[in-house]
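Right, one structure below, let's go through it.
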Amino acid sequence: MENMEFGQRMALLSRKHGLKLNWQEVKFGYRRARFTCESHEELKAILNLLRKIGGIWTDFWCCFEGEFEGYVYAMDRNDWNGLEAKRKEERDRVEDWWMRYHLADKETRRLMACGKIE
């Protein structure tokens, strides 16, 4: 679902600044850019660079246990909003199922557990 312009902008940004860019599949057919970072300073610099560009959602993950490992994630803001809407819809559906399951009688639970009843 990724916006082609967004993909091109991320590729250009990674070439211009010598960044390590990979694409990561996320749920519902969306993809996000994943920049690999070698240090905490590089992680902060990439985040600041991406935040200056409008219309982009950013996030990061890093681990300081032993050797540094870090990633900065970026998605087109519209794609991110679509992904979040679908995630919320899925969470609501699962929460509804669990509520009905816990309130159901034994036979209904059995049928729900094996998929005969949604």
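In the structure tokens, the first chain shown is A, the next is B, and so on; residue numbers restart at 1 for each chain, and ligands run from 1 in the order shown.
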What's around segment 80-96 of chain A at 10 Å? Count only C-alpha atoms, leave out sequence neighbours fewer than 6 positions away in its own chain, and write the answer as a list in words.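 The contact residues come out as Met1, Glu2, Val26, Lys27, Phe28, Gly29, Tyr30, Arg31, Arg32, Ile56, Trp57, Thr58 and Ala74 of chain A.
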Kindly export the residues of the current selection with N, CA and C atoms, as a tab-separated table (two decimals), in the first residue's frame.
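Wrote out-v5.tsv, looks like this:
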```tsv
chain	number	residue	atom	x	y	z
A	1	MET	N	0.81	-1.18	0.00
A	1	MET	CA	0.00	0.00	0.00
A	1	MET	C	0.86	1.25	0.00
A	2	GLU	N	2.13	1.02	0.03
A	2	GLU	CA	3.07	2.12	0.17
A	2	GLU	C	2.97	3.10	-1.00
A	26	VAL	N	4.72	-5.02	7.11
A	26	VAL	CA	3.89	-4.99	8.31
A	26	VAL	C	2.51	-5.51	7.92
A	27	LYS	N	1.59	-5.58	8.86
A	27	LYS	CA	0.28	-6.18	8.60
A	27	LYS	C	-0.50	-5.45	7.51
A	28	PHE	N	-1.47	-6.17	6.97
A	28	PHE	CA	-2.46	-5.63	6.05
A	28	PHE	C	-1.87	-5.10	4.75
A	29	GLY	N	-0.71	-5.61	4.34
A	29	GLY	CA	-0.11	-5.23	3.07
A	29	GLY	C	0.69	-3.94	3.10
A	30	TYR	N	0.93	-3.38	4.25
A	30	TYR	CA	1.72	-2.15	4.36
A	30	TYR	C	3.19	-2.50	4.52
A	31	ARG	N	4.03	-1.52	4.16
A	31	ARG	CA	5.47	-1.65	4.35
A	31	ARG	C	5.98	-0.38	5.02
A	32	ARG	N	7.11	-0.53	5.72
A	32	ARG	CA	7.74	0.65	6.30
A	32	ARG	C	9.23	0.62	6.02
A	56	ILE	N	5.40	12.35	7.42
A	56	ILE	CA	6.02	11.05	7.69
A	56	ILE	C	5.82	10.70	9.16
A	57	TRP	N	5.45	9.44	9.41
A	57	TRP	CA	5.41	8.90	10.76
A	57	TRP	C	6.76	8.27	11.03
A	58	THR	N	7.33	8.49	12.21
A	58	THR	CA	8.62	7.89	12.57
A	58	THR	C	8.52	7.23	13.94
A	74	ALA	N	10.07	4.41	9.39
A	74	ALA	CA	9.34	5.52	8.78
A	74	ALA	C	8.27	4.99	7.85
```
What residues in chain A get the DSSP label helix (DSSP H, G or I)? Please answer as a count of residues only. 65
Can you tell me, as an MDAnalysis selection string, which residues in chain A count as strand (DSSP E or B) by DSSP? chainID A and resid 20:25 31:37 56:63 69:76
Which polymer residues have any atom within 10 Å of an atom of segment 110-113 of chain A, counting only C-alpha atoms, with same-chain residues fewer than 4 positions away left out, as a PyMOL selection string? chain A and resi 97-98+100-101+104-106+117-118
Tell me, in Å to one decimal, how far atom CA of His40 of chain A is from atom CA of Gly66 of chain A. 13.2 Å
So, counting only C-alpha atoms, which residue among A:Ile53, A:Leu13, A:Leu47, A:Cys37 is closest to Tyr71 of chain A?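 Distance minimum relative to Tyr71 of chain A lands on A:Cys37.
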Find the residues around Arg34 of chain A up to 7 Å (only C-alpha atoms counted), leave out those fewer than 5 positions away in its own chain, and share them as a PyMOL selection string. chain A and resi 21-24+71-74
Atoms to include: all heavy atoms. Write the selected residues as an mmCIF file, in the first residue's frame.
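Okay, this is what ended up in part19.cif:
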```
data_model
loop_
_atom_site.group_PDB
_atom_site.id
_atom_site.type_symbol
_atom_site.label_atom_id
_atom_site.label_comp_id
_atom_site.auth_asym_id
_atom_site.auth_seq_id
_atom_site.Cartn_x
_atom_site.Cartn_y
_atom_site.Cartn_z
ATOM 1 N N LEU A 21 19.152 1.330 4.269
ATOM 2 C CA LEU A 21 17.695 1.264 4.175
ATOM 3 C C LEU A 21 17.246 -0.127 3.768
ATOM 4 O O LEU A 21 17.766 -0.705 2.818
ATOM 5 C CB LEU A 21 17.182 2.278 3.143
ATOM 6 C CG LEU A 21 15.716 2.199 2.749
ATOM 7 C CD1 LEU A 21 14.811 2.528 3.924
ATOM 8 C CD2 LEU A 21 15.431 3.125 1.581
ATOM 9 N N ASN A 22 16.289 -0.665 4.504
ATOM 10 C CA ASN A 22 15.603 -1.912 4.155
ATOM 11 C C ASN A 22 14.118 -1.633 4.228
ATOM 12 O O ASN A 22 13.687 -0.695 4.892
ATOM 13 C CB ASN A 22 15.940 -3.034 5.150
ATOM 14 C CG ASN A 22 17.380 -3.454 5.066
ATOM 15 O OD1 ASN A 22 17.885 -3.736 3.992
ATOM 16 N ND2 ASN A 22 18.039 -3.478 6.204
ATOM 17 N N TRP A 23 13.336 -2.472 3.583
ATOM 18 C CA TRP A 23 11.885 -2.351 3.662
ATOM 19 C C TRP A 23 11.366 -3.510 4.479
ATOM 20 O O TRP A 23 11.774 -4.644 4.285
ATOM 21 C CB TRP A 23 11.263 -2.323 2.270
ATOM 22 C CG TRP A 23 11.598 -1.039 1.588
ATOM 23 C CD1 TRP A 23 12.614 -0.831 0.705
ATOM 24 C CD2 TRP A 23 10.956 0.219 1.769
ATOM 25 N NE1 TRP A 23 12.643 0.482 0.325
ATOM 26 C CE2 TRP A 23 11.626 1.149 0.955
ATOM 27 C CE3 TRP A 23 9.883 0.655 2.543
ATOM 28 C CZ2 TRP A 23 11.250 2.491 0.898
ATOM 29 C CZ3 TRP A 23 9.505 1.985 2.473
ATOM 30 C CH2 TRP A 23 10.192 2.886 1.661
ATOM 31 N N GLN A 24 10.467 -3.222 5.396
ATOM 32 C CA GLN A 24 9.920 -4.222 6.292
ATOM 33 C C GLN A 24 8.412 -4.324 6.077
ATOM 34 O O GLN A 24 7.704 -3.313 6.087
ATOM 35 C CB GLN A 24 10.218 -3.823 7.732
ATOM 36 C CG GLN A 24 9.851 -4.842 8.749
ATOM 37 C CD GLN A 24 10.250 -4.386 10.144
ATOM 38 O OE1 GLN A 24 10.012 -3.255 10.529
ATOM 39 N NE2 GLN A 24 10.869 -5.285 10.890
ATOM 40 N N TYR A 71 17.245 0.744 15.170
ATOM 41 C CA TYR A 71 16.541 0.932 13.905
ATOM 42 C C TYR A 71 15.636 2.153 14.017
ATOM 43 O O TYR A 71 15.062 2.415 15.081
ATOM 44 C CB TYR A 71 15.661 -0.280 13.577
ATOM 45 C CG TYR A 71 16.422 -1.572 13.505
ATOM 46 C CD1 TYR A 71 16.414 -2.459 14.573
ATOM 47 C CD2 TYR A 71 17.165 -1.898 12.373
ATOM 48 C CE1 TYR A 71 17.116 -3.652 14.515
ATOM 49 C CE2 TYR A 71 17.876 -3.082 12.316
ATOM 50 C CZ TYR A 71 17.848 -3.949 13.386
ATOM 51 O OH TYR A 71 18.560 -5.122 13.326
ATOM 52 N N VAL A 72 15.519 2.867 12.925
ATOM 53 C CA VAL A 72 14.538 3.946 12.815
ATOM 54 C C VAL A 72 13.549 3.504 11.755
ATOM 55 O O VAL A 72 13.931 3.038 10.680
ATOM 56 C CB VAL A 72 15.200 5.283 12.416
ATOM 57 C CG1 VAL A 72 14.142 6.338 12.144
ATOM 58 C CG2 VAL A 72 16.157 5.752 13.496
ATOM 59 N N TYR A 73 12.262 3.629 12.075
ATOM 60 C CA TYR A 73 11.198 3.223 11.168
ATOM 61 C C TYR A 73 10.482 4.457 10.643
ATOM 62 O O TYR A 73 10.290 5.424 11.390
ATOM 63 C CB TYR A 73 10.189 2.334 11.900
ATOM 64 C CG TYR A 73 10.817 1.115 12.519
ATOM 65 C CD1 TYR A 73 11.094 1.063 13.872
ATOM 66 C CD2 TYR A 73 11.148 0.022 11.732
ATOM 67 C CE1 TYR A 73 11.671 -0.054 14.441
ATOM 68 C CE2 TYR A 73 11.732 -1.105 12.291
ATOM 69 C CZ TYR A 73 11.994 -1.132 13.645
ATOM 70 O OH TYR A 73 12.575 -2.239 14.199
ATOM 71 N N ALA A 74 10.068 4.410 9.385
ATOM 72 C CA ALA A 74 9.339 5.523 8.785
ATOM 73 C C ALA A 74 8.266 4.989 7.849
ATOM 74 O O ALA A 74 8.471 3.990 7.161
ATOM 75 C CB ALA A 74 10.300 6.432 8.019
#
```
So, with only C-alpha atoms as the atoms that count, which of A:Glu65, A:Glu25, A:Glu38, A:Asp76 lies closest to Leu50 of chain A?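 Looking at the shortest contact to Leu50 of chain A, the residue is A:Asp76.
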Work out how far atom CA of Cys63 of chain A is from atom CA of Arg77 of chain A, in Å to one decimal.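 Pair atom CA of Arg77 of chain A / atom CA of Cys63 of chain A returns 25.8 Å.
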Could you please determine the separation between atom CA of Leu43 of chain A and atom CA of Gly18 of chain A in Å, to one decimal place?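 Going from atom CA of Leu43 of chain A over to atom CA of Gly18 of chain A, I get 13.3 Å.
Distances here use only C-alpha atoms; by that measure, the residue among A:Cys62, A:Met75, A:Cys114, A:Ala45 closest to Met10 of chain A is A:Met75.
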